[in-house]
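Engineer: One file is attached below, protein.cif, containing mmCIF, C-alpha atoms.
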data_model
loop_
_atom_site.label_atom_id
_atom_site.label_comp_id
_atom_site.auth_asym_id
_atom_site.auth_seq_id
_atom_site.Cartn_x
_atom_site.Cartn_y
_atom_site.Cartn_z
CA MET V 647 13.64 22.49 -16.81
CA LYS V 648 10.36 20.87 -15.90
CA ALA V 649 9.52 20.30 -12.24
CA LEU V 650 9.32 16.77 -10.87
CA GLU V 651 5.68 15.87 -10.26
CA PHE V 652 5.56 14.37 -6.79
CA TYR V 653 2.29 12.59 -6.03
CA PHE V 654 1.71 11.31 -2.51
CA ASP V 655 -0.94 10.45 0.05
CA PHE V 656 -0.74 11.89 3.56
CA SER V 657 -1.26 8.43 5.07
CA SER V 658 1.51 6.76 3.06
CA PRO V 659 4.69 5.86 4.96
CA TYR V 660 6.72 5.62 1.77
CA GLY V 661 5.28 8.93 0.59
CA TYR V 662 6.39 10.42 3.88
CA LEU V 663 9.90 9.02 3.48
CA ALA V 664 10.01 10.34 -0.09
CA SER V 665 8.94 13.79 1.12
CA HIS V 666 12.24 13.97 3.02
CA LYS V 667 14.35 13.10 -0.02
CA VAL V 668 12.66 14.39 -3.14
CA GLU V 669 13.72 18.02 -2.96
CA ALA V 670 17.44 17.28 -2.56
CA LEU V 671 17.21 14.79 -5.41
CA ALA V 672 15.54 17.33 -7.67
CA ALA V 673 17.87 20.18 -6.67
CA LYS V 674 20.93 18.07 -7.43
CA HIS V 675 19.77 18.03 -11.04
CA GLY V 676 18.61 21.64 -11.20
CA ARG V 677 14.94 20.74 -10.85
CA THR V 678 12.14 21.83 -8.57
CA VAL V 679 9.34 19.71 -7.13
CA ASP V 680 5.64 20.11 -7.77
CA TRP V 681 3.93 18.61 -4.69
CA ARG V 682 0.60 16.98 -5.52
CA PRO V 683 -1.19 15.18 -2.70
CA MET V 684 -3.74 12.63 -3.86
CA LEU V 685 -6.06 10.11 -2.21
CA LEU V 686 -4.88 6.52 -2.20
CA GLY V 687 -8.40 5.42 -1.26
CA ALA V 688 -9.68 6.72 -4.61
CA ALA V 689 -6.83 4.99 -6.46
CA PHE V 690 -7.50 1.71 -4.64
CA LYS V 691 -11.08 1.78 -5.92
CA ILE V 692 -9.63 1.59 -9.43
CA THR V 693 -6.89 -0.98 -8.84
CA GLY V 694 -8.72 -3.09 -6.26
CA ALA V 695 -5.80 -2.74 -3.85
CA LYS V 696 -6.33 -2.85 -0.10
CA PRO V 697 -4.52 -0.88 2.59
CA LEU V 698 -1.37 -2.85 3.48
CA PRO V 699 -2.36 -3.64 7.10
CA GLU V 700 -5.42 -5.49 5.77
CA VAL V 701 -3.37 -7.77 3.53
CA PRO V 702 -2.53 -11.12 5.16
CA VAL V 703 1.20 -11.80 5.66
CA LYS V 704 2.26 -8.88 3.43
CA GLY V 705 0.77 -6.46 5.95
CA ASP V 706 3.04 -7.72 8.72
CA TYR V 707 6.05 -7.50 6.42
CA ALA V 708 5.05 -3.97 5.43
CA LYS V 709 5.03 -2.73 9.02
CA ARG V 710 8.52 -4.12 9.52
CA ASP V 711 9.63 -2.61 6.22
CA PHE V 712 8.25 0.86 7.08
CA LEU V 713 10.33 0.96 10.24
CA ARG V 714 13.46 -0.53 8.71
CA SER V 715 13.24 1.71 5.64
CA ALA V 716 12.85 4.81 7.82
CA ARG V 717 16.02 3.86 9.70
CA PHE V 718 17.74 3.03 6.41
CA TYR V 719 17.01 6.52 5.06
CA GLY V 720 17.64 8.21 8.40
CA VAL V 721 14.14 9.66 8.72
CA ALA V 722 12.29 9.95 12.06
CA PHE V 723 9.24 7.69 11.92
CA ASN V 724 6.66 6.17 14.22
CA LEU V 725 3.90 3.95 12.93
CA PRO V 726 0.81 5.92 13.96
CA THR V 727 -2.47 4.66 15.40
CA PRO V 728 -4.90 4.57 13.66
CA PHE V 729 -3.20 3.61 10.41
CA PRO V 730 -4.06 4.14 7.62
CA ILE V 731 -6.51 7.02 7.79
CA SER V 732 -8.68 9.03 5.43
CA THR V 733 -6.62 11.91 4.11
CA VAL V 734 -9.37 14.06 2.62
CA ALA V 735 -8.94 16.80 5.25
CA PRO V 736 -5.14 17.25 4.90
CA CYS V 737 -5.43 17.01 1.11
CA ARG V 738 -8.01 19.80 1.08
CA ALA V 739 -5.86 21.86 3.44
CA PHE V 740 -2.93 21.61 1.06
CA TYR V 741 -4.92 22.70 -1.99
CA ALA V 742 -6.58 25.51 -0.01
CA VAL V 743 -3.22 27.22 0.41
CA ILE V 744 -2.52 29.28 -2.68
CA ASP V 745 1.12 30.14 -1.92
CA LYS V 746 2.99 27.07 -3.13
CA ALA V 747 5.95 27.34 -0.76
CA LYS V 748 3.57 27.71 2.17
CA ALA V 749 1.53 24.71 0.98
CA VAL V 750 4.70 22.61 0.93
CA GLU V 751 5.58 23.81 4.41
CA LEU V 752 2.09 22.72 5.49
CA ALA V 753 2.49 19.33 3.80
CA LYS V 754 5.71 18.70 5.72
CA ALA V 755 4.07 19.77 8.98
CA LEU V 756 1.11 17.45 8.35
CA TYR V 757 3.37 14.51 7.57
CA LYS V 758 5.40 15.18 10.73
CA ALA V 759 2.22 15.47 12.78
CA TYR V 760 1.07 12.04 11.65
CA PHE V 761 4.28 10.02 11.32
CA VAL V 762 6.32 11.56 14.14
CA ASP V 763 3.85 13.03 16.63
CA ASN V 764 1.06 10.45 16.12
CA LEU V 765 -1.63 13.10 15.62
CA ASN V 766 -4.70 11.93 13.73
CA ILE V 767 -4.68 14.22 10.70
CA SER V 768 -7.88 12.67 9.35
CA GLU V 769 -9.61 15.00 11.81
CA PRO V 770 -10.28 18.52 10.43
CA ALA V 771 -9.64 20.09 13.86
CA THR V 772 -6.20 18.49 14.03
CA VAL V 773 -5.42 19.61 10.49
CA MET V 774 -6.37 23.16 11.45
CA ARG V 775 -4.13 23.08 14.53
CA VAL V 776 -1.19 21.85 12.46
CA ALA V 777 -1.94 24.51 9.84
CA ALA V 778 -2.02 27.22 12.51
CA SER V 779 1.44 26.10 13.67
CA VAL V 780 2.83 27.10 10.27
CA GLY V 781 0.70 30.24 10.02
CA CYS V 782 -2.07 28.96 7.76
CA GLU V 783 -5.82 28.94 8.10
CA PRO V 784 -6.94 26.79 5.16
CA ALA V 785 -10.64 26.95 4.29
CA ILE V 786 -11.07 23.20 4.14
CA GLY V 787 -14.86 23.45 4.43
CA ASP V 788 -15.28 25.72 1.41
CA GLN V 789 -16.97 24.22 -1.62
CA ALA V 790 -14.39 25.79 -3.93
CA VAL V 791 -11.59 24.07 -2.00
CA LYS V 792 -13.46 20.77 -2.08
CA ASP V 793 -13.94 21.14 -5.84
CA LYS V 794 -10.31 22.06 -6.43
CA THR V 795 -9.15 19.07 -4.39
CA LYS V 796 -11.44 16.70 -6.27
CA ALA V 797 -10.22 18.07 -9.59
CA GLN V 798 -6.58 17.61 -8.55
CA VAL V 799 -7.15 14.06 -7.32
CA ASP V 800 -9.15 13.17 -10.45
CA ALA V 801 -6.35 14.57 -12.61
CA ALA V 802 -3.83 12.39 -10.79
CA LEU V 803 -6.00 9.30 -11.28
CA ALA V 804 -6.49 10.17 -14.96
CA LYS V 805 -2.70 10.33 -15.28
CA GLY V 806 -2.47 6.77 -13.94
CA VAL V 807 -1.25 7.57 -10.44
CA PHE V 808 -2.11 4.43 -8.45
CA GLY V 809 0.34 4.54 -5.54
CA SER V 810 2.36 6.76 -3.25
CA PRO V 811 4.93 8.12 -3.80
CA TYR V 812 4.60 8.38 -7.56
CA ILE V 813 7.03 10.64 -9.35
CA VAL V 814 6.83 11.79 -12.95
CA VAL V 815 10.00 13.03 -14.62
CA ASP V 816 9.44 14.54 -18.06
CA GLY V 817 6.50 12.18 -18.62
CA GLU V 818 8.23 9.06 -17.25
CA PRO V 819 6.43 7.57 -14.22
CA PHE V 820 8.21 6.03 -11.22
CA TRP V 821 6.27 4.38 -8.40
CA GLY V 822 7.79 4.00 -4.97
CA MET V 823 10.52 5.36 -2.76
CA ASP V 824 12.52 2.42 -4.02
CA ARG V 825 12.63 3.88 -7.54
CA PHE V 826 14.63 6.91 -6.43
CA ASP V 827 17.79 5.35 -7.86
CA GLN V 828 16.07 5.09 -11.25
CA VAL V 829 14.66 8.64 -10.92
CA GLU V 830 18.18 9.84 -10.21
CA ARG V 831 19.64 8.17 -13.27
CA TRP V 832 16.74 9.40 -15.40
CA LEU V 833 17.42 12.97 -14.26
CA ALA V 834 21.12 12.55 -14.99
CA THR V 835 20.79 10.89 -18.38
CA GLY V 836 17.34 11.76 -19.75
CA GLY V 837 16.44 8.08 -19.93
CA TRP V 838 17.96 4.79 -21.00
CA MET F 404 28.27 -17.64 7.65
CA LYS F 405 24.69 -18.47 6.83
CA ALA F 406 23.59 -18.59 3.20
CA LEU F 407 21.18 -16.01 1.85
CA GLU F 408 17.78 -17.62 1.33
CA PHE F 409 16.68 -16.58 -2.12
CA TYR F 410 12.99 -17.27 -2.79
CA PHE F 411 11.67 -16.66 -6.29
CA ASP F 412 9.01 -17.71 -8.78
CA PHE F 413 10.01 -18.73 -12.30
CA SER F 414 7.38 -16.40 -13.78
CA SER F 415 8.51 -13.33 -11.81
CA PRO F 416 10.36 -10.63 -13.81
CA TYR F 417 11.83 -9.12 -10.63
CA GLY F 418 12.84 -12.59 -9.45
CA TYR F 419 14.58 -13.07 -12.79
CA LEU F 420 16.42 -9.75 -12.44
CA ALA F 421 17.41 -10.67 -8.89
CA SER F 422 18.75 -14.04 -10.09
CA HIS F 423 21.36 -12.11 -12.06
CA LYS F 424 22.52 -10.07 -9.08
CA VAL F 425 22.08 -12.12 -5.92
CA GLU F 426 25.22 -14.26 -6.16
CA ALA F 427 27.59 -11.33 -6.64
CA LEU F 428 25.91 -9.51 -3.77
CA ALA F 429 26.29 -12.52 -1.48
CA ALA F 430 29.86 -13.26 -2.56
CA LYS F 431 30.91 -9.67 -1.86
CA HIS F 432 30.06 -10.35 1.77
CA GLY F 433 31.45 -13.88 1.94
CA ARG F 434 28.04 -15.52 1.69
CA THR F 435 26.53 -18.15 -0.53
CA VAL F 436 22.98 -18.30 -1.91
CA ASP F 437 20.38 -20.95 -1.18
CA TRP F 438 18.06 -20.89 -4.21
CA ARG F 439 14.47 -21.74 -3.30
CA PRO F 440 11.88 -21.50 -6.06
CA MET F 441 8.31 -21.14 -4.83
CA LEU F 442 4.89 -20.68 -6.41
CA LEU F 443 3.52 -17.15 -6.42
CA GLY F 444 0.08 -18.53 -7.27
CA ALA F 445 -0.02 -20.32 -3.92
CA ALA F 446 1.13 -17.17 -2.10
CA PHE F 447 -1.49 -15.07 -3.89
CA LYS F 448 -4.20 -17.37 -2.54
CA ILE F 449 -3.12 -16.29 0.95
CA THR F 450 -2.63 -12.56 0.31
CA GLY F 451 -5.43 -12.12 -2.22
CA ALA F 452 -3.02 -10.57 -4.70
CA LYS F 453 -3.59 -10.84 -8.43
CA PRO F 454 -1.00 -11.23 -11.17
CA LEU F 455 0.14 -7.73 -12.13
CA PRO F 456 -1.19 -7.76 -15.71
CA GLU F 457 -4.70 -8.26 -14.30
CA VAL F 458 -4.50 -5.17 -12.08
CA PRO F 459 -6.01 -2.07 -13.71
CA VAL F 460 -3.55 0.81 -14.27
CA LYS F 461 -0.85 -0.75 -12.10
CA GLY F 462 -0.52 -3.59 -14.61
CA ASP F 463 0.38 -1.19 -17.42
CA TYR F 464 2.90 0.56 -15.19
CA ALA F 465 4.39 -2.80 -14.21
CA LYS F 466 5.08 -3.80 -17.81
CA ARG F 467 6.89 -0.52 -18.35
CA ASP F 468 8.78 -0.95 -15.10
CA PHE F 469 9.88 -4.52 -15.96
CA LEU F 470 11.50 -3.30 -19.17
CA ARG F 471 13.00 -0.15 -17.69
CA SER F 472 14.33 -2.01 -14.65
CA ALA F 473 15.94 -4.67 -16.83
CA ARG F 474 17.74 -1.94 -18.78
CA PHE F 475 18.62 -0.17 -15.52
CA TYR F 476 20.29 -3.32 -14.18
CA GLY F 477 21.76 -4.27 -17.55
CA VAL F 478 19.98 -7.61 -17.79
CA ALA F 479 18.67 -9.04 -21.08
CA PHE F 480 14.88 -9.22 -20.87
CA ASN F 481 11.87 -9.71 -23.09
CA LEU F 482 8.36 -9.72 -21.73
CA PRO F 483 7.20 -13.21 -22.69
CA THR F 484 3.85 -14.34 -24.04
CA PRO F 485 1.95 -15.80 -22.26
CA PHE F 486 2.71 -13.94 -19.04
CA PRO F 487 2.44 -14.87 -16.25
CA ILE F 488 2.37 -18.66 -16.36
CA SER F 489 2.00 -21.56 -13.98
CA THR F 490 5.46 -22.49 -12.72
CA VAL F 491 4.74 -25.87 -11.18
CA ALA F 492 6.74 -27.74 -13.84
CA PRO F 493 9.96 -25.67 -13.58
CA CYS F 494 9.67 -25.64 -9.79
CA ARG F 495 9.44 -29.44 -9.70
CA ALA F 496 12.34 -29.69 -12.14
CA PHE F 497 14.52 -27.61 -9.81
CA TYR F 498 13.73 -29.70 -6.73
CA ALA F 499 14.18 -32.93 -8.70
CA VAL F 500 17.86 -32.14 -9.20
CA ILE F 501 19.79 -33.26 -6.12
CA ASP F 502 23.11 -31.63 -6.98
CA LYS F 503 22.66 -28.05 -5.79
CA ALA F 504 25.06 -26.41 -8.24
CA LYS F 505 23.40 -28.23 -11.10
CA ALA F 506 19.94 -27.19 -9.86
CA VAL F 507 21.06 -23.54 -9.85
CA GLU F 508 22.42 -23.95 -13.38
CA LEU F 509 19.02 -25.34 -14.36
CA ALA F 510 17.21 -22.44 -12.67
CA LYS F 511 19.26 -19.92 -14.65
CA ALA F 512 18.60 -21.83 -17.88
CA LEU F 513 14.85 -21.91 -17.17
CA TYR F 514 14.75 -18.19 -16.42
CA LYS F 515 16.67 -17.45 -19.62
CA ALA F 516 14.37 -19.72 -21.61
CA TYR F 517 11.34 -17.77 -20.42
CA PHE F 518 12.54 -14.18 -20.16
CA VAL F 519 15.02 -14.10 -23.04
CA ASP F 520 14.00 -16.82 -25.47
CA ASN F 521 10.22 -16.59 -24.90
CA LEU F 522 9.83 -20.34 -24.34
CA ASN F 523 6.75 -21.36 -22.37
CA ILE F 524 8.28 -23.09 -19.36
CA SER F 525 4.85 -23.90 -17.94
CA GLU F 526 4.95 -26.85 -20.38
CA PRO F 527 6.67 -29.96 -19.02
CA ALA F 528 8.09 -30.81 -22.45
CA THR F 529 9.73 -27.39 -22.68
CA VAL F 530 11.13 -27.74 -19.18
CA MET F 531 12.63 -31.10 -20.12
CA ARG F 532 14.25 -29.65 -23.26
CA VAL F 533 15.78 -26.80 -21.25
CA ALA F 534 16.93 -29.31 -18.63
CA ALA F 535 18.53 -31.47 -21.32
CA SER F 536 20.46 -28.43 -22.56
CA VAL F 537 22.25 -28.31 -19.20
CA GLY F 538 22.60 -32.08 -18.91
CA CYS F 539 19.68 -32.82 -16.57
CA GLU F 540 16.78 -35.20 -16.83
CA PRO F 541 14.61 -34.21 -13.85
CA ALA F 542 11.88 -36.67 -12.90
CA ILE F 543 9.16 -34.04 -12.73
CA GLY F 544 6.38 -36.63 -12.93
CA ASP F 545 7.57 -38.64 -9.92
CA GLN F 546 5.38 -38.51 -6.85
CA ALA F 547 8.44 -38.08 -4.61
CA VAL F 548 9.46 -34.98 -6.58
CA LYS F 549 5.92 -33.63 -6.44
CA ASP F 550 5.86 -34.18 -2.67
CA LYS F 551 9.27 -32.57 -2.16
CA THR F 552 8.22 -29.54 -4.21
CA LYS F 553 5.00 -29.14 -2.29
CA ALA F 554 6.88 -29.41 1.01
CA GLN F 555 9.38 -26.74 -0.11
CA VAL F 556 6.65 -24.39 -1.30
CA ASP F 557 4.62 -24.93 1.87
CA ALA F 558 7.72 -24.22 3.96
CA ALA F 559 8.24 -20.95 2.11
CA LEU F 560 4.61 -19.94 2.66
CA ALA F 561 4.87 -20.88 6.35
CA LYS F 562 7.91 -18.61 6.57
CA GLY F 563 5.80 -15.71 5.26
CA VAL F 564 7.17 -15.59 1.71
CA PHE F 565 4.47 -13.73 -0.22
CA GLY F 566 6.37 -12.27 -3.18
CA SER F 567 9.29 -12.74 -5.53
CA PRO F 568 12.14 -12.15 -5.05
CA TYR F 569 12.14 -12.54 -1.28
CA ILE F 570 15.50 -12.74 0.43
CA VAL F 571 16.14 -13.72 4.02
CA VAL F 572 19.42 -12.65 5.61
CA ASP F 573 20.02 -14.16 9.05
CA GLY F 574 16.26 -14.18 9.70
CA GLU F 575 15.60 -10.70 8.31
CA PRO F 576 13.20 -10.69 5.32
CA PHE F 577 13.53 -8.40 2.30
CA TRP F 578 10.93 -8.37 -0.46
CA GLY F 579 11.79 -7.12 -3.92
CA MET F 580 14.72 -6.48 -6.21
CA ASP F 581 14.43 -2.92 -4.96
CA ARG F 582 15.51 -3.96 -1.46
CA PHE F 583 18.96 -5.04 -2.64
CA ASP F 584 20.43 -1.82 -1.27
CA GLN F 585 19.02 -2.69 2.16
CA VAL F 586 20.16 -6.33 1.84
CA GLU F 587 23.63 -5.04 1.03
CA ARG F 588 23.76 -2.79 4.07
CA TRP F 589 22.36 -5.57 6.26
CA LEU F 590 25.11 -7.90 5.07
CA ALA F 591 27.72 -5.23 5.72
CA THR F 592 26.49 -4.13 9.13
CA GLY F 593 24.41 -6.97 10.57
CA GLY F 594 21.37 -4.69 10.81
CA TRP F 595 20.51 -1.17 11.86
#
Go ahead and express the file in the form of structure tokens.
Structural biologist:
Amino acid sequence: MKALEFYFDFSSPYGYLASHKVEALAAKHGRTVDWRPMLLGAAFKITGAKPLPEVPVKGDYAKRDFLRSARFYGVAFNLPTPFPISTVAPCRAFYAVIDKAKAVELAKALYKAYFVDNLNISEPATVMRVAASVGCEPAIGDQAVKDKTKAQVDAALAKGVFGSPYIVVDGEPFWGMDRFDQVERWLATGGW
Amino acid sequence: MKALEFYFDFSSPYGYLASHKVEALAAKHGRTVDWRPMLLGAAFKITGAKPLPEVPVKGDYAKRDFLRSARFYGVAFNLPTPFPISTVAPCRAFYAVIDKAKAVELAKALYKAYFVDNLNISEPATVMRVAASVGCEPAIGDQAVKDKTKAQVDAALAKGVFGSPYIVVDGEPFWGMDRFDQVERWLATGGW
């Protein structure tokens, strides 16, 4: 059974919420999850989208929806300051960690640092402190890590990933935490 | 019990899907629905959004998602050509009809004409034919109807309606067909 491809950005509230739900959803259907952080900023250059807080009217709604959705799904959440942020450093940290289970543990710790503890994970020093807390020392300054991260992000963009979360199930793409009900039925039925 | 305010644009696939589900959802919780067509084009001028088909990458995903979501919800749907369209004429037709039940019947007929029968409801003549099929003769050319429509659309924009569907439950706003699960819980619990 193919893993669910789970694309997300470390500055994405809905990606964060999805990170709390995607593994249970996959496991329920005998699947695993392939975590693939990407950079929304790079995707926005293609689609022309702006970060939600910059969008008139919709930005205010979005902030309300982040908080309400977090309560709806029962996930601890604080809207951090600053928001959004560049997520190059946490993305590189993730791809620097070769052990996949450890990389996922780091991803969860980074998300918690930003969306629960209000730590600015755009800062390399903060990323390294969070990494140390889960026993990692990712070489985020290494050229090989930078290259690997760029290749992974480019591959996501080439696949058409334009938002976060973005889940691919056996080739079928689903954008948004709010498509989990469709992901679930797709896993159960193989499509409709 | 206050009615659900149901804002939608006649060219919005997700608004169309919502139009098939909103009354049952409201009735389950002893509520009625106040149908309020608006003009996405006017909202997009405020938010800077573009019609989905014009957005690179995301536009292609959206077309796939329209079709898949319609099948998911069990609603007949064809992606019409042209899409999207100006919806000034159908919006005026709706507000021209004083009897509210009849106006809702007209709204459903207009949505079906566009998203099932592929009729271009941006054309006044087509709107009038659809209206005739449900026994209406809306005075869409009258200045009073034009003024009423503009006032209704402006009121929606002033309320912060930026998308379609957009549902307000006792002052709480929910954007998107994919917030129906939250609308449902809000109706059941009064908020969380």
Engineer: Determine the residue set returned by the PyMOL selection byres ((chain F and resi 414) around 12) for the present structure, and present it as a ChimeraX atom specification.
Structural biologist: /F:411-413,415-420,440-444,454-455,482-494,510,513-518,521-525,566-568
Engineer: Just the number, please: distance in Å from CA of Gln585 (chain F) to CA of Phe712 (chain V), one decimal.
Structural biologist: 12.4 Å
Engineer: Tell me, in Å to one decimal, how far CA of Lys704 (chain V) is from CA of Ala558 (chain F).
Structural biologist: 16.3 Å
Engineer: Quote the spacing between CA of Pro784 (chain V) and CA of Ala771 (chain V) in Å to one decimal place.
Structural biologist: 11.3 Å
Engineer: If we count all atoms listed in the file, which residues of chain F reach to within 7 Å of chain V? Please list them as an NGL selection string.
Structural biologist: :F and (449-450 or 458-461 or 563 or 565 or 581)
Engineer: Show which residues sit within 8 Å of region 422-431 of chain F, as number ranges by chain. Count only C-alpha atoms, and ignore same-chain residues fewer than 6 positions away.
Structural biologist: F: 407, 409, 478, 511, 587
Engineer: Determine the axis-aligned bounding box of all atoms of region 502-514 of chain F present in the file, pad each side by 5 Å, and express its centre and edge lengths in Å to one decimal place as AutoDock Vina command-line options.
Structural biologist:
--center_x 19.9 --center_y -24.9 --center_z -11.8 --size_x 20.3 --size_y 23.4 --size_z 22.1
Engineer: Of the candidates F:Arg439, F:His432, F:Asp557, F:Ala406, which one gets nearest to Leu590 (chain F) if we count only C-alpha atoms?
Structural biologist: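 Closest candidate: F:His432.
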Engineer: Skipping near chain neighbours, those fewer than 4 positions away, what residues fall within 8 Å of Glu508 (chain F) using only C-alpha atoms, listed as a VMD selection string?
Structural biologist: chain F and resid 504 512 537
Engineer: Under the PyMOL selection byres ((chain F and resi 542) around 12), which residues of this model are included? Write them out as a ChimeraX atom specification.
Structural biologist: /F:492-501,527-528,530-531,534-535,539-541,543-549,551-552
Engineer: Could all heavy atoms be built for region 531-539 of chain F and written out as a PDB file, in the coordinates of the input?
Structural biologist:
ATOM      1  N   MET F 531      11.716 -29.969 -19.919  1.00  0.00           N
ATOM      2  CA  MET F 531      12.630 -31.100 -20.120  1.00  0.00           C
ATOM      3  C   MET F 531      13.680 -30.772 -21.190  1.00  0.00           C
ATOM      4  O   MET F 531      14.835 -31.184 -21.069  1.00  0.00           O
ATOM      5  CB  MET F 531      11.842 -32.364 -20.489  1.00  0.00           C
ATOM      6  CG  MET F 531      10.954 -32.904 -19.360  1.00  0.00           C
ATOM      7  SD  MET F 531      11.799 -33.142 -17.761  1.00  0.00           S
ATOM      8  CE  MET F 531      12.856 -34.549 -18.161  1.00  0.00           C
ATOM      9  N   ARG F 532      13.271 -30.041 -22.226  1.00  0.00           N
ATOM     10  CA  ARG F 532      14.250 -29.650 -23.260  1.00  0.00           C
ATOM     11  C   ARG F 532      15.298 -28.719 -22.683  1.00  0.00           C
ATOM     12  O   ARG F 532      16.478 -28.843 -22.955  1.00  0.00           O
ATOM     13  CB  ARG F 532      13.538 -28.957 -24.433  1.00  0.00           C
ATOM     14  CG  ARG F 532      13.035 -29.926 -25.503  1.00  0.00           C
ATOM     15  CD  ARG F 532      12.796 -29.223 -26.853  1.00  0.00           C
ATOM     16  NE  ARG F 532      11.829 -28.135 -26.739  1.00  0.00           N
ATOM     17  CZ  ARG F 532      10.497 -28.317 -26.721  1.00  0.00           C
ATOM     18  NH1 ARG F 532       9.988 -29.522 -26.803  1.00  0.00           N
ATOM     19  NH2 ARG F 532       9.685 -27.281 -26.625  1.00  0.00           N
ATOM     20  N   VAL F 533      14.830 -27.735 -21.878  1.00  0.00           N
ATOM     21  CA  VAL F 533      15.780 -26.800 -21.250  1.00  0.00           C
ATOM     22  C   VAL F 533      16.712 -27.574 -20.315  1.00  0.00           C
ATOM     23  O   VAL F 533      17.920 -27.342 -20.288  1.00  0.00           O
ATOM     24  CB  VAL F 533      15.027 -25.692 -20.475  1.00  0.00           C
ATOM     25  CG1 VAL F 533      16.002 -24.824 -19.692  1.00  0.00           C
ATOM     26  CG2 VAL F 533      14.188 -24.843 -21.429  1.00  0.00           C
ATOM     27  N   ALA F 534      16.133 -28.511 -19.567  1.00  0.00           N
ATOM     28  CA  ALA F 534      16.930 -29.310 -18.630  1.00  0.00           C
ATOM     29  C   ALA F 534      17.991 -30.118 -19.392  1.00  0.00           C
ATOM     30  O   ALA F 534      19.162 -30.179 -18.977  1.00  0.00           O
ATOM     31  CB  ALA F 534      16.029 -30.231 -17.817  1.00  0.00           C
ATOM     32  N   ALA F 535      17.581 -30.686 -20.514  1.00  0.00           N
ATOM     33  CA  ALA F 535      18.530 -31.470 -21.320  1.00  0.00           C
ATOM     34  C   ALA F 535      19.694 -30.614 -21.782  1.00  0.00           C
ATOM     35  O   ALA F 535      20.840 -31.074 -21.841  1.00  0.00           O
ATOM     36  CB  ALA F 535      17.801 -32.095 -22.517  1.00  0.00           C
ATOM     37  N   SER F 536      19.413 -29.333 -22.062  1.00  0.00           N
ATOM     38  CA  SER F 536      20.460 -28.430 -22.560  1.00  0.00           C
ATOM     39  C   SER F 536      21.550 -28.184 -21.511  1.00  0.00           C
ATOM     40  O   SER F 536      22.639 -27.751 -21.839  1.00  0.00           O
ATOM     41  CB  SER F 536      19.853 -27.107 -23.021  1.00  0.00           C
ATOM     42  OG  SER F 536      19.514 -26.293 -21.901  1.00  0.00           O
ATOM     43  N   VAL F 537      21.228 -28.433 -20.241  1.00  0.00           N
ATOM     44  CA  VAL F 537      22.250 -28.310 -19.200  1.00  0.00           C
ATOM     45  C   VAL F 537      22.578 -29.680 -18.590  1.00  0.00           C
ATOM     46  O   VAL F 537      23.154 -29.771 -17.500  1.00  0.00           O
ATOM     47  CB  VAL F 537      21.839 -27.309 -18.079  1.00  0.00           C
ATOM     48  CG1 VAL F 537      21.734 -25.898 -18.627  1.00  0.00           C
ATOM     49  CG2 VAL F 537      20.538 -27.728 -17.400  1.00  0.00           C
ATOM     50  N   GLY F 538      22.198 -30.727 -19.323  1.00  0.00           N
ATOM     51  CA  GLY F 538      22.600 -32.080 -18.910  1.00  0.00           C
ATOM     52  C   GLY F 538      21.801 -32.680 -17.768  1.00  0.00           C
ATOM     53  O   GLY F 538      22.316 -33.486 -17.005  1.00  0.00           O
ATOM     54  N   CYS F 539      20.538 -32.258 -17.634  1.00  0.00           N
ATOM     55  CA  CYS F 539      19.680 -32.820 -16.570  1.00  0.00           C
ATOM     56  C   CYS F 539      18.513 -33.583 -17.192  1.00  0.00           C
ATOM     57  O   CYS F 539      18.064 -33.254 -18.297  1.00  0.00           O
ATOM     58  CB  CYS F 539      19.043 -31.728 -15.712  1.00  0.00           C
ATOM     59  SG  CYS F 539      20.200 -30.744 -14.801  1.00  0.00           S
TER      60      CYS F 539
END
